[in-house]
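Data file: entry_9.tsv. Format and content: TSV, C-alpha atoms and all ligand atoms.
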```
chain	number	residue	atom	x	y	z
A	1	MET	CA	0.00	0.00	0.00
A	2	SER	CA	1.31	3.45	-0.77
A	3	VAL	CA	1.98	6.04	1.90
A	4	HIS	CA	1.52	9.77	1.48
A	5	LYS	CA	3.51	11.86	3.93
A	6	ILE	CA	2.43	15.37	4.78
A	7	VAL	CA	4.45	17.82	6.82
A	8	VAL	CA	2.82	21.01	8.05
A	9	LEU	CA	5.17	23.87	8.74
A	10	GLY	CA	3.80	26.33	11.25
A	11	PRO	CA	5.27	28.19	14.19
A	12	SER	CA	3.88	27.83	17.67
A	13	GLY	CA	0.25	28.85	17.93
A	14	SER	CA	-0.46	28.76	14.20
A	15	GLY	CA	-2.95	25.91	14.69
A	16	LYS	CA	-1.28	22.61	13.74
A	17	THR	CA	-2.67	20.45	16.55
A	18	THR	CA	-6.17	21.95	16.42
A	19	TYR	CA	-6.22	21.43	12.67
A	20	LEU	CA	-5.18	17.79	13.02
A	21	ALA	CA	-7.90	17.12	15.59
A	22	SER	CA	-10.64	18.69	13.51
A	23	MET	CA	-9.48	17.16	10.23
A	24	TYR	CA	-9.74	13.75	11.85
A	25	GLU	CA	-13.10	14.58	13.39
A	26	ARG	CA	-14.44	15.68	10.02
A	27	LEU	CA	-13.07	12.66	8.17
A	28	LYS	CA	-13.55	9.85	10.65
A	29	ILE	CA	-16.93	9.09	9.09
A	30	GLN	CA	-17.64	8.42	5.43
A	31	ARG	CA	-20.14	10.92	4.05
A	32	GLN	CA	-21.60	11.90	0.72
A	33	GLU	CA	-19.20	14.80	0.10
A	34	THR	CA	-16.19	12.93	1.44
A	35	SER	CA	-16.91	9.33	0.64
A	36	PHE	CA	-13.93	7.80	2.42
A	37	PHE	CA	-12.83	7.90	6.03
A	38	LEU	CA	-9.64	8.10	8.02
A	39	GLN	CA	-8.83	5.31	10.40
A	40	PRO	CA	-5.93	5.79	12.79
A	41	ALA	CA	-4.32	3.13	14.94
A	42	LEU	CA	-6.45	2.53	18.02
A	43	THR	CA	-4.28	4.40	20.52
A	44	GLN	CA	-3.84	7.38	18.24
A	45	GLY	CA	-7.58	7.43	17.54
A	46	ASN	CA	-8.28	7.57	21.26
A	47	GLU	CA	-5.91	10.45	21.70
A	48	LEU	CA	-7.41	12.41	18.81
A	49	GLY	CA	-10.87	11.68	20.20
A	50	ARG	CA	-9.78	13.14	23.55
A	51	LEU	CA	-8.42	16.23	21.86
A	52	TYR	CA	-11.65	16.80	20.03
A	53	GLN	CA	-13.79	16.16	23.11
A	54	GLY	CA	-11.71	18.86	24.76
A	55	LEU	CA	-12.64	21.22	21.93
A	56	MET	CA	-16.30	20.34	22.49
A	57	ARG	CA	-15.87	21.61	26.06
A	58	GLY	CA	-14.02	24.75	25.08
A	59	GLN	CA	-10.58	23.38	25.93
A	60	LEU	CA	-8.00	24.11	23.28
A	61	PRO	CA	-5.00	21.82	22.85
A	62	ASP	CA	-1.95	22.46	25.00
A	63	LYS	CA	1.08	23.86	23.31
A	64	THR	CA	2.89	20.85	21.86
A	65	LEU	CA	6.00	20.10	23.90
A	66	LEU	CA	9.40	20.40	22.28
A	67	GLY	CA	10.30	16.73	22.63
A	68	ASN	CA	7.00	15.62	21.11
A	69	VAL	CA	7.33	14.77	17.47
A	70	THR	CA	4.50	12.46	16.47
A	71	THR	CA	3.69	10.86	13.19
A	72	TRP	CA	-0.05	10.33	13.04
A	73	SER	CA	-0.84	7.51	10.64
A	74	PHE	CA	-4.24	7.02	9.10
A	75	ASN	CA	-5.59	4.48	6.70
A	76	CYS	CA	-7.68	6.20	4.11
A	77	ASN	CA	-10.56	3.74	3.74
A	78	VAL	CA	-13.65	3.27	1.64
A	79	THR	CA	-16.57	1.15	2.78
A	80	THR	CA	-19.10	-0.36	0.40
A	81	ALA	CA	-21.56	-3.23	0.63
A	82	LYS	CA	-18.63	-5.48	-0.34
A	83	GLY	CA	-16.44	-4.49	2.57
A	84	THR	CA	-13.87	-1.92	3.65
A	85	PHE	CA	-10.87	-1.23	1.44
A	86	THR	CA	-7.80	0.88	2.11
A	87	ALA	CA	-6.82	3.31	-0.65
A	88	PHE	CA	-3.53	4.47	0.87
A	89	GLN	CA	-1.92	5.45	4.13
A	90	LEU	CA	-1.60	9.05	5.21
A	91	ASP	CA	1.12	10.20	7.59
A	92	TYR	CA	0.78	13.59	9.26
A	93	LEU	CA	3.59	15.01	11.36
A	94	ASP	CA	2.82	17.08	14.46
A	95	TYR	CA	5.52	18.74	16.54
A	96	ALA	CA	6.25	21.87	18.55
A	97	GLY	CA	6.14	24.93	16.32
A	98	GLU	CA	8.94	26.42	18.41
A	99	ARG	CA	11.26	24.19	16.42
A	100	LEU	CA	10.79	26.45	13.42
A	101	THR	CA	11.33	29.83	15.00
A	102	ASP	CA	13.09	30.10	18.33
A	103	HIS	CA	16.84	30.20	17.92
A	104	PRO	CA	17.50	27.46	15.41
A	105	GLY	CA	20.37	25.28	16.51
A	106	GLN	CA	19.44	25.63	20.13
A	107	TYR	CA	17.42	22.45	20.09
A	108	ASP	CA	18.72	19.00	19.38
A	109	PRO	CA	17.74	18.04	15.90
A	110	HIS	CA	14.99	15.51	16.30
A	111	PRO	CA	15.57	12.44	14.12
A	112	GLU	CA	11.90	11.87	13.39
A	113	PHE	CA	11.37	15.52	12.46
A	114	THR	CA	14.42	15.68	10.21
A	115	GLN	CA	13.53	12.45	8.50
A	116	ALA	CA	9.92	13.48	7.96
A	117	MET	CA	11.05	16.74	6.36
A	118	GLU	CA	13.27	14.85	3.97
A	119	GLU	CA	10.68	12.27	3.03
A	120	ALA	CA	7.63	14.52	2.75
A	121	ASP	CA	5.48	14.06	-0.34
A	122	SER	CA	3.66	17.30	0.32
A	123	VAL	CA	4.65	20.30	2.33
A	124	VAL	CA	2.06	22.60	3.77
A	125	GLY	CA	2.92	26.00	5.20
A	126	LEU	CA	0.58	27.26	7.90
A	127	LEU	CA	-0.11	30.98	7.93
A	128	ASP	CA	-1.72	32.14	11.12
A	129	GLY	CA	-4.99	33.87	10.25
A	130	LEU	CA	-5.00	35.79	13.50
A	131	LYS	CA	-1.64	37.38	12.75
A	132	ILE	CA	-2.76	38.31	9.26
A	133	TYR	CA	-6.02	39.73	10.56
A	134	GLN	CA	-4.26	41.81	13.18
A	135	TYR	CA	-1.80	43.15	10.64
A	136	MET	CA	-4.60	44.08	8.25
A	137	ARG	CA	-6.31	46.07	10.99
A	138	ASP	CA	-3.13	47.65	12.28
A	139	PRO	CA	-0.09	47.67	9.98
A	140	THR	CA	2.25	48.36	12.90
A	141	LYS	CA	1.61	44.76	13.98
A	142	MET	CA	3.85	43.37	11.32
A	143	THR	CA	6.51	41.55	13.32
A	144	ALA	CA	4.49	38.47	14.31
A	145	LEU	CA	3.31	37.91	10.76
A	146	TYR	CA	6.75	38.53	9.34
A	147	GLU	CA	8.19	35.89	11.68
A	148	ASN	CA	5.49	33.40	10.73
A	149	ILE	CA	6.11	33.86	7.02
A	150	SER	CA	9.88	33.80	7.19
A	151	ALA	CA	10.00	30.71	9.42
A	152	VAL	CA	7.76	28.81	7.03
A	153	MET	CA	9.56	29.97	3.89
A	154	LYS	CA	12.99	29.23	5.33
A	155	HIS	CA	12.06	25.63	6.00
A	156	ILE	CA	10.45	25.15	2.63
A	157	GLN	CA	13.55	26.55	0.93
A	158	ALA	CA	15.90	24.52	3.08
A	159	ASN	CA	14.75	21.29	1.60
A	160	ARG	CA	15.36	21.21	-2.13
A	161	ASN	CA	13.21	18.14	-2.42
A	162	HIS	CA	10.18	20.27	-1.70
A	163	MET	CA	10.89	22.74	-4.40
A	164	ARG	CA	9.49	20.15	-6.73
A	165	SER	CA	6.69	18.93	-4.55
A	166	PRO	CA	3.39	20.73	-4.43
A	167	VAL	CA	3.47	23.43	-1.82
A	168	HIS	CA	0.31	24.68	-0.26
A	169	PHE	CA	-0.36	27.33	2.26
A	170	ILE	CA	-3.12	26.86	4.75
A	171	LEU	CA	-4.63	30.05	6.00
A	172	THR	CA	-5.78	29.05	9.48
A	173	LYS	CA	-8.49	30.63	11.66
A	174	TRP	CA	-10.47	31.78	8.63
A	175	ASP	CA	-13.50	32.15	10.92
A	176	ILE	CA	-12.01	35.41	12.23
A	177	PHE	CA	-12.45	37.08	8.84
A	178	GLY	CA	-15.78	38.30	7.51
A	179	ASP	CA	-18.97	38.71	9.49
A	180	SER	CA	-20.10	36.71	12.48
A	181	GLU	CA	-22.39	34.37	10.53
A	182	GLN	CA	-20.75	33.44	7.26
A	183	MET	CA	-17.28	32.47	6.22
A	184	ALA	CA	-15.61	35.28	4.28
A	185	GLY	CA	-15.63	34.97	0.49
A	186	ASN	CA	-13.23	35.27	-2.39
A	187	ASP	CA	-12.83	39.06	-2.13
A	188	MET	CA	-11.46	38.74	1.37
A	189	LEU	CA	-9.09	36.00	0.24
A	190	LYS	CA	-7.85	38.32	-2.52
A	191	GLN	CA	-7.12	40.96	0.10
A	192	VAL	CA	-5.20	38.45	2.19
A	193	ARG	CA	-3.27	37.35	-0.86
A	194	ASP	CA	-2.32	40.95	-1.62
A	195	VAL	CA	-1.13	41.36	1.95
A	196	LEU	CA	1.01	38.22	1.75
A	197	MET	CA	2.52	39.31	-1.55
A	198	LYS	CA	3.92	42.37	0.20
A	199	PHE	CA	6.33	40.09	2.05
A	200	ASP	CA	9.46	39.50	-0.01
A	201	ASP	CA	10.03	35.92	1.15
A	202	PHE	CA	6.54	34.92	0.15
A	203	ARG	CA	6.35	36.81	-3.13
A	204	ASP	CA	9.76	35.70	-4.32
A	205	PHE	CA	8.95	32.09	-3.61
A	206	ILE	CA	5.72	32.27	-5.60
A	207	ASN	CA	7.38	34.04	-8.50
A	208	ASN	CA	10.64	32.09	-8.66
A	209	ARG	CA	9.82	28.47	-8.14
A	210	PRO	CA	11.81	26.20	-10.41
A	211	ASN	CA	8.82	24.03	-11.15
A	212	LYS	CA	6.36	26.41	-12.70
A	213	ASN	CA	3.88	23.64	-13.33
A	214	ALA	CA	3.19	22.68	-9.75
A	215	PRO	CA	0.23	24.61	-8.40
A	216	ILE	CA	0.60	26.70	-5.28
A	217	ARG	CA	-2.51	27.23	-3.28
A	218	LEU	CA	-3.66	29.40	-0.44
A	219	ILE	CA	-6.40	27.42	1.26
A	220	PRO	CA	-8.53	29.12	3.90
A	221	VAL	CA	-9.60	26.72	6.65
A	222	SER	CA	-11.18	26.99	10.03
A	223	ALA	CA	-10.66	24.13	12.43
A	224	LEU	CA	-13.24	25.57	14.80
A	225	GLY	CA	-15.77	27.31	12.57
A	226	LYS	CA	-17.89	30.41	13.09
A	227	GLY	CA	-19.11	31.20	16.56
A	228	TYR	CA	-16.58	29.14	18.49
A	229	MET	CA	-14.00	31.79	19.28
A	230	ALA	CA	-14.50	35.42	20.22
A	231	LEU	CA	-11.89	38.04	19.54
A	232	GLN	CA	-11.08	39.95	22.73
A	233	ALA	CA	-10.27	43.63	23.00
A	234	ASP	CA	-6.62	42.78	23.63
A	235	GLY	CA	-6.46	40.92	20.31
A	236	SER	CA	-6.50	37.41	21.78
A	237	LEU	CA	-9.09	34.72	21.09
A	238	ARG	CA	-11.25	33.05	23.68
A	239	PRO	CA	-13.72	30.17	23.27
A	240	ILE	CA	-17.37	31.15	23.61
A	241	PRO	CA	-18.85	29.03	26.42
A	242	GLY	CA	-21.11	26.23	25.20
A	243	ALA	CA	-20.09	26.61	21.54
A	244	ILE	CA	-19.16	23.56	19.52
A	245	PRO	CA	-16.62	23.44	16.69
A	246	LYS	CA	-17.82	23.35	13.09
A	247	PRO	CA	-14.75	22.63	10.96
A	248	PHE	CA	-14.66	24.40	7.60
A	249	GLN	CA	-12.68	23.15	4.57
A	250	VAL	CA	-10.34	21.07	6.72
A	251	GLU	CA	-10.52	18.23	4.19
A	252	ILE	CA	-9.46	20.42	1.25
A	253	PRO	CA	-5.70	20.60	1.92
A	254	LEU	CA	-5.54	16.81	2.05
A	255	ALA	CA	-7.46	16.52	-1.21
A	256	CYS	CA	-5.25	19.05	-2.99
A	257	ALA	CA	-2.08	17.44	-1.67
A	258	LEU	CA	-2.91	14.30	-3.63
A	259	THR	CA	-4.43	15.85	-6.76
A	260	ASP	CA	-1.55	18.28	-7.15
A	261	LYS	CA	0.96	15.51	-6.59
A	262	MET	CA	-0.74	13.63	-9.42
A	263	ARG	CA	-0.51	16.67	-11.71
A	264	GLU	CA	3.09	17.15	-10.84
A	265	GLU	CA	3.95	13.52	-11.59
A	266	ILE	CA	2.26	13.75	-14.97
A	267	THR	CA	4.19	16.91	-15.77
A	268	THR	CA	7.40	15.21	-14.76
A	269	VAL	CA	6.71	12.43	-17.25
A	270	ALA	CA	6.44	15.02	-20.01
A	271	GLU	CA	9.60	16.72	-18.83
A	272	ARG	CA	11.58	13.51	-18.86
A	273	ALA	CA	10.38	12.80	-22.36
A	274	ASN	CA	11.76	16.10	-23.55
A	275	LEU	CA	14.11	17.28	-20.88
A	276	HIS	CA	17.58	18.04	-22.18
A	277	ASP	CA	16.74	20.62	-24.81
A	278	THR	CA	13.91	22.33	-23.02
A	279	ALA	CA	14.86	22.41	-19.37
A	280	ASN	CA	16.72	25.67	-19.64
A	281	LYS	CA	14.10	27.56	-21.53
A	282	ALA	CA	11.98	30.19	-19.88
A	283	GLY	CA	9.01	29.01	-17.85
A	284	GLY	CA	6.27	30.05	-20.26
A	285	ILE	CA	7.85	28.39	-23.26
A	286	LEU	CA	8.70	25.31	-21.26
A	287	HIS	CA	5.13	25.00	-20.15
A	288	LYS	CA	3.89	25.18	-23.74
A	289	ILE	CA	6.38	22.53	-24.83
A	290	LEU	CA	5.41	20.26	-21.97
A	291	GLN	CA	1.79	20.66	-22.84
A	292	SER	CA	2.42	19.57	-26.38
A	293	VAL	CA	4.61	16.66	-25.31
A	294	LEU	CA	1.89	15.53	-22.94
A	295	ALA	CA	-0.79	15.88	-25.53
A	296	GLY	CA	1.24	13.54	-27.74
A	297	LEU	CA	1.77	10.83	-25.13
A	298	THR	CA	-0.71	8.01	-24.80
A	299	SER	CA	-2.10	7.32	-21.38
A	300	ALA	CA	-0.31	3.96	-21.41
A	301	GLN	CA	3.02	5.75	-21.90
A	302	ILE	CA	2.26	8.19	-19.11
A	303	ARG	CA	1.15	5.43	-16.77
A	304	ARG	CA	4.32	3.40	-17.32
A	305	ALA	CA	6.46	6.40	-16.40
A	306	LEU	CA	4.58	7.28	-13.23
A	307	PRO	CA	5.95	6.26	-9.84
A	308	GLU	CA	4.54	2.96	-8.74
A	309	ARG	CA	2.05	4.28	-6.26
A	310	PHE	CA	0.26	6.31	-8.93
A	311	ARG	CA	0.39	3.62	-11.58
A	312	GLU	CA	-2.88	2.09	-10.45
A	313	ILE	CA	-4.83	5.08	-11.67
A	314	ASP	CA	-7.57	4.11	-14.08
A	315	GLU	CA	-7.76	5.23	-17.68
A	316	GLU	CA	-10.49	7.81	-17.37
A	317	LEU	CA	-9.01	9.46	-14.33
A	318	LEU	CA	-5.54	9.62	-15.85
A	319	THR	CA	-6.96	11.30	-18.95
A	320	PHE	CA	-8.79	13.73	-16.71
A	321	PHE	CA	-5.59	14.75	-14.91
A	322	ARG	CA	-3.61	14.92	-18.13
A	323	ASP	CA	-6.20	17.26	-19.61
A	324	LEU	CA	-6.01	19.42	-16.52
A	325	VAL	CA	-2.30	19.85	-17.11
A	326	VAL	CA	-2.61	20.29	-20.86
A	327	ASN	CA	-5.41	22.81	-21.07
A	328	GLU	CA	-6.47	23.60	-17.54
A	329	ALA	CA	-9.87	22.18	-18.49
A	330	MET	CA	-12.69	23.61	-16.47
A	331	LYS	CA	-13.77	21.25	-13.77
A	332	ARG	CA	-17.39	21.20	-12.94
A	333	ALA	CA	-18.01	20.26	-9.38
A	334	GLU	CA	-21.45	18.87	-10.18
A	335	GLN	CA	-20.13	16.54	-12.84
A	336	LEU	CA	-17.30	15.41	-10.62
A	337	ARG	CA	-19.73	14.73	-7.82
A	338	GLU	CA	-21.74	12.38	-10.02
A	339	TRP	CA	-18.63	10.70	-11.31
A	340	GLN	CA	-17.42	10.21	-7.81
A	341	ALA	CA	-20.75	8.85	-6.56
A	342	ALA	CA	-20.77	6.34	-9.44
A	343	SER	CA	-17.24	5.21	-8.72
A	344	LEU	CA	-18.20	4.25	-5.18
A	345	GLN	CA	-20.19	1.37	-6.71
A	346	THR	CA	-17.07	0.03	-8.36
A	347	VAL	CA	-14.91	-0.13	-5.23
A	348	ASN	CA	-13.98	-3.72	-4.47
A	349	ASP	CA	-10.24	-3.70	-3.76
A	350	GLN	CA	-7.30	-1.45	-2.92
A	351	LYS	CA	-6.89	-0.24	-6.48
A	352	THR	CA	-10.51	0.76	-7.05
A	353	ALA	CA	-10.55	2.38	-3.59
A	354	PHE	CA	-7.50	4.46	-4.56
A	355	ASN	CA	-9.19	5.63	-7.75
A	356	HIS	CA	-12.39	6.43	-5.95
A	357	VAL	CA	-10.65	8.53	-3.31
A	358	LEU	CA	-8.63	10.38	-5.94
A	359	GLU	CA	-11.83	11.21	-7.81
A	360	ASN	CA	-13.35	12.43	-4.60
A	361	PHE	CA	-10.30	14.61	-4.04
A	362	ALA	CA	-10.65	16.07	-7.55
A	363	TYR	CA	-14.22	16.95	-6.66
A	364	LEU	CA	-13.13	18.67	-3.44
A	365	GLU	CA	-10.43	20.57	-5.31
A	366	GLY	CA	-13.13	21.72	-7.75
A	367	ILE	CA	-15.23	23.01	-4.86
A	368	LEU	CA	-12.31	25.05	-3.57
A	369	GLU	CA	-11.68	26.55	-7.00
A	370	GLU	CA	-15.32	27.46	-7.47
A	371	ARG	CA	-15.65	28.97	-4.03
A	372	TYR	CA	-12.27	30.67	-3.88
A	373	PRO	CA	-10.69	31.30	-7.29
A	374	ALA	CA	-8.12	33.46	-5.46
A	375	SER	CA	-6.77	30.33	-3.78
A	376	SER	CA	-4.61	29.59	-6.85
A	377	LEU	CA	-1.42	31.54	-6.29
A	378	ALA	CA	0.70	30.48	-9.20
A	379	ILE	CA	-1.15	30.87	-12.43
A	380	THR	CA	0.60	28.82	-15.06
A	381	PRO	CA	1.75	31.00	-17.93
A	401	LIG	N1	-10.41	31.30	15.70
A	401	LIG	C1	-9.68	30.20	15.57
A	401	LIG	N2	-8.66	29.97	16.40
A	401	LIG	C2	-7.93	28.85	16.24
A	401	LIG	C3	-8.21	27.89	15.23
A	401	LIG	N3	-7.31	26.89	15.31
A	401	LIG	C4	-6.49	27.21	16.34
A	401	LIG	N4	-6.87	28.38	16.91
A	401	LIG	C5	-6.22	29.11	18.02
A	401	LIG	O1	-4.82	28.94	17.93
A	401	LIG	C6	-4.33	28.42	19.15
A	401	LIG	C7	-3.11	27.55	18.90
A	401	LIG	O2	-3.49	26.38	18.21
A	401	LIG	P1	-2.59	25.04	18.27
A	401	LIG	O3	-3.31	24.05	17.40
A	401	LIG	O4	-2.29	24.66	19.64
A	401	LIG	O5	-1.27	25.55	17.56
A	401	LIG	P2	0.05	24.69	17.22
A	401	LIG	O6	0.49	25.11	15.86
A	401	LIG	O7	-0.18	23.26	17.46
A	401	LIG	O8	1.12	25.29	18.29
A	401	LIG	P3	2.39	24.53	18.95
A	401	LIG	O9	1.90	23.23	19.50
A	401	LIG	O10	2.88	25.46	19.99
A	401	LIG	O11	3.36	24.34	17.84
A	401	LIG	C8	-5.52	27.70	19.74
A	401	LIG	O12	-5.38	27.61	21.14
A	401	LIG	C9	-6.65	28.59	19.36
A	401	LIG	O13	-6.70	29.69	20.23
A	401	LIG	C10	-9.32	28.17	14.35
A	401	LIG	O14	-9.67	27.45	13.41
A	401	LIG	N5	-10.01	29.33	14.57
A	402	MG	MG	0.61	21.83	18.72
```

Would you mind writing the file's structure down as structure tokens?
Amino acid sequence: MSVHKIVVLGPSGSGKTTYLASMYERLKIQRQETSFFLQPALTQGNELGRLYQGLMRGQLPDKTLLGNVTTWSFNCNVTTAKGTFTAFQLDYLDYAGERLTDHPGQYDPHPEFTQAMEEADSVVGLLDGLKIYQYMRDPTKMTALYENISAVMKHIQANRNHMRSPVHFILTKWDIFGDSEQMAGNDMLKQVRDVLMKFDDFRDFINNRPNKNAPIRLIPVSALGKGYMALQADGSLRPIPGAIPKPFQVEIPLACALTDKMREEITTVAERANLHDTANKAGGILHKILQSVLAGLTSAQIRRALPERFREIDEELLTFFRDLVVNEAMKRAEQLREWQAASLQTVNDQKTAFNHVLENFAYLEGILEERYPASSLAITP
């Protein structure tokens, strides 16, 4: 079974542990929109359950201790009348955010942390919504946001491996933005994006990535939802007594991690087919060449060149992803939903479960793009 490893990079307080707890809570049951579920090992499941029960009582997670580096492993499962099948395994690393900011070198390098960074299939940078919000209201409050951005960017840059992998940014605490009832919309996300682009580290990374074909996304999420936290006069957040969390879009980063990895692998196939003479050309031209190479490859050729864990992808889905790379075909969420519902009927082993989950992820990605077009940071030339 294949394993997909995700590392979230976020300084202390940015929301890593809360996000993990609510992502699991949201995905522990198979539903219509997310027709798969996450199953952790028993002991880890109990611990996540405790964390979430704490949230139900207004208790936020403790600051993660420096020595605690934990890989949370989940089976991504699909249940049908025929049984339960595992599509792949998901590993999520949680650790103390202090590792990223406070005096690097002061702490012993942690073997599990270092190894996870090196092996990550997807890297996610966490941007603390509260810090962004405070800066937008009062531009003198720039330091905290600056530190958040530079800590995240430094660690992404430090590992060359990730320059090729899809990089996403999760905008946490999205519930703070907008009015008290509804999650803020695309216009607010545009404003946030403009704010982030003022920071050199962020802007230069977006504009100068070596792999211009890998999407970069800014995904607003709220682990707690509207009405759970109240912003205090001193700028801090406090839980509203009796409120329960209502996670928003916490499944989207996971979905995009896999769909964008798929896109990137397909692009790499085209690059390998045509690498030596084109690699040095400017991004826009390179992209055009890759598109035409891809358009000329049969799906069988692409499949053979994919890494093993993606080789099980079925014909229709592979063509779908190839077309996304070639002409950025419009995805219609409605169509993808039907496709995805139909594929549930076909699940009867690991391979069909993998394809079903990937289709479901494509549907979720489509929802994000419809709801928040501004979430795409790097527009391919
Ligand atoms: N409004 C709002 N606040 C949130 C949300 N998620 C986290 N928070 C706030 O952010 C605080 C820190 O969250 P944690 O999940 O502990 O942050 P962390 O990244 O794990 O921090 P370390 O363990 O120190 O690395 C929480 O206590 C909440 O106050 C959210 O979705 N909405
Ligand atoms: Mg934590």

| Selection within 7 Å of ligand LIG 401 (chain A) by all atoms listed in the file, output as a VMD selection string | chain A and resid 10 to 19 60 to 65 95 to 98 172 to 176 221 to 225 229 237 to 238

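Among the candidates A:Lys82, A:Arg371, A:Lys288, A:Arg303, the one nearest to Asn348 in chain A when counting only C-alpha atoms is A:Lys82.
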
| query | Which residues, protein or nucleic acid, reach to within 10 Å of (-1.9, 8.2, 5.7) in the file's coordinates when using only C-alpha atoms, and can you give that as a VMD selection string? | reply | chain A and resid 2 to 6 38 to 40 71 to 77 87 to 92

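Put simply, CA of Thr84 in chain A is 12.6 Å away from CA of Gln345 in chain A.
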
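Interatomic distance, CA of Leu66 in chain A to CA of His168 in chain A: 24.7 Å.
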
| said: Quick check, in Å to one decimal: how far apart do CA of Ala158 in chain A and CA of Met117 in chain A lie? | reply: 9.7 Å

| request: Could you give me, as a ChimeraX atom specification, the residues that have an atom at most 12 Å away from the point (4.5, 6.6, -13.1) in the coordinates of the file, using all atoms listed in the file? | output: /A:261-270,272,299-313,318

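Closest to Tyr24 in chain A among A:Pro220, A:Gln350, A:Leu254, A:Arg203 is A:Leu254, based on all atoms listed in the file.
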
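If you measure from each of A:Ala362, A:Ala378, A:Val347, A:Ala273 to Asp204 in chain A using all atoms listed in the file, the closest one turns out to be A:Ala378.
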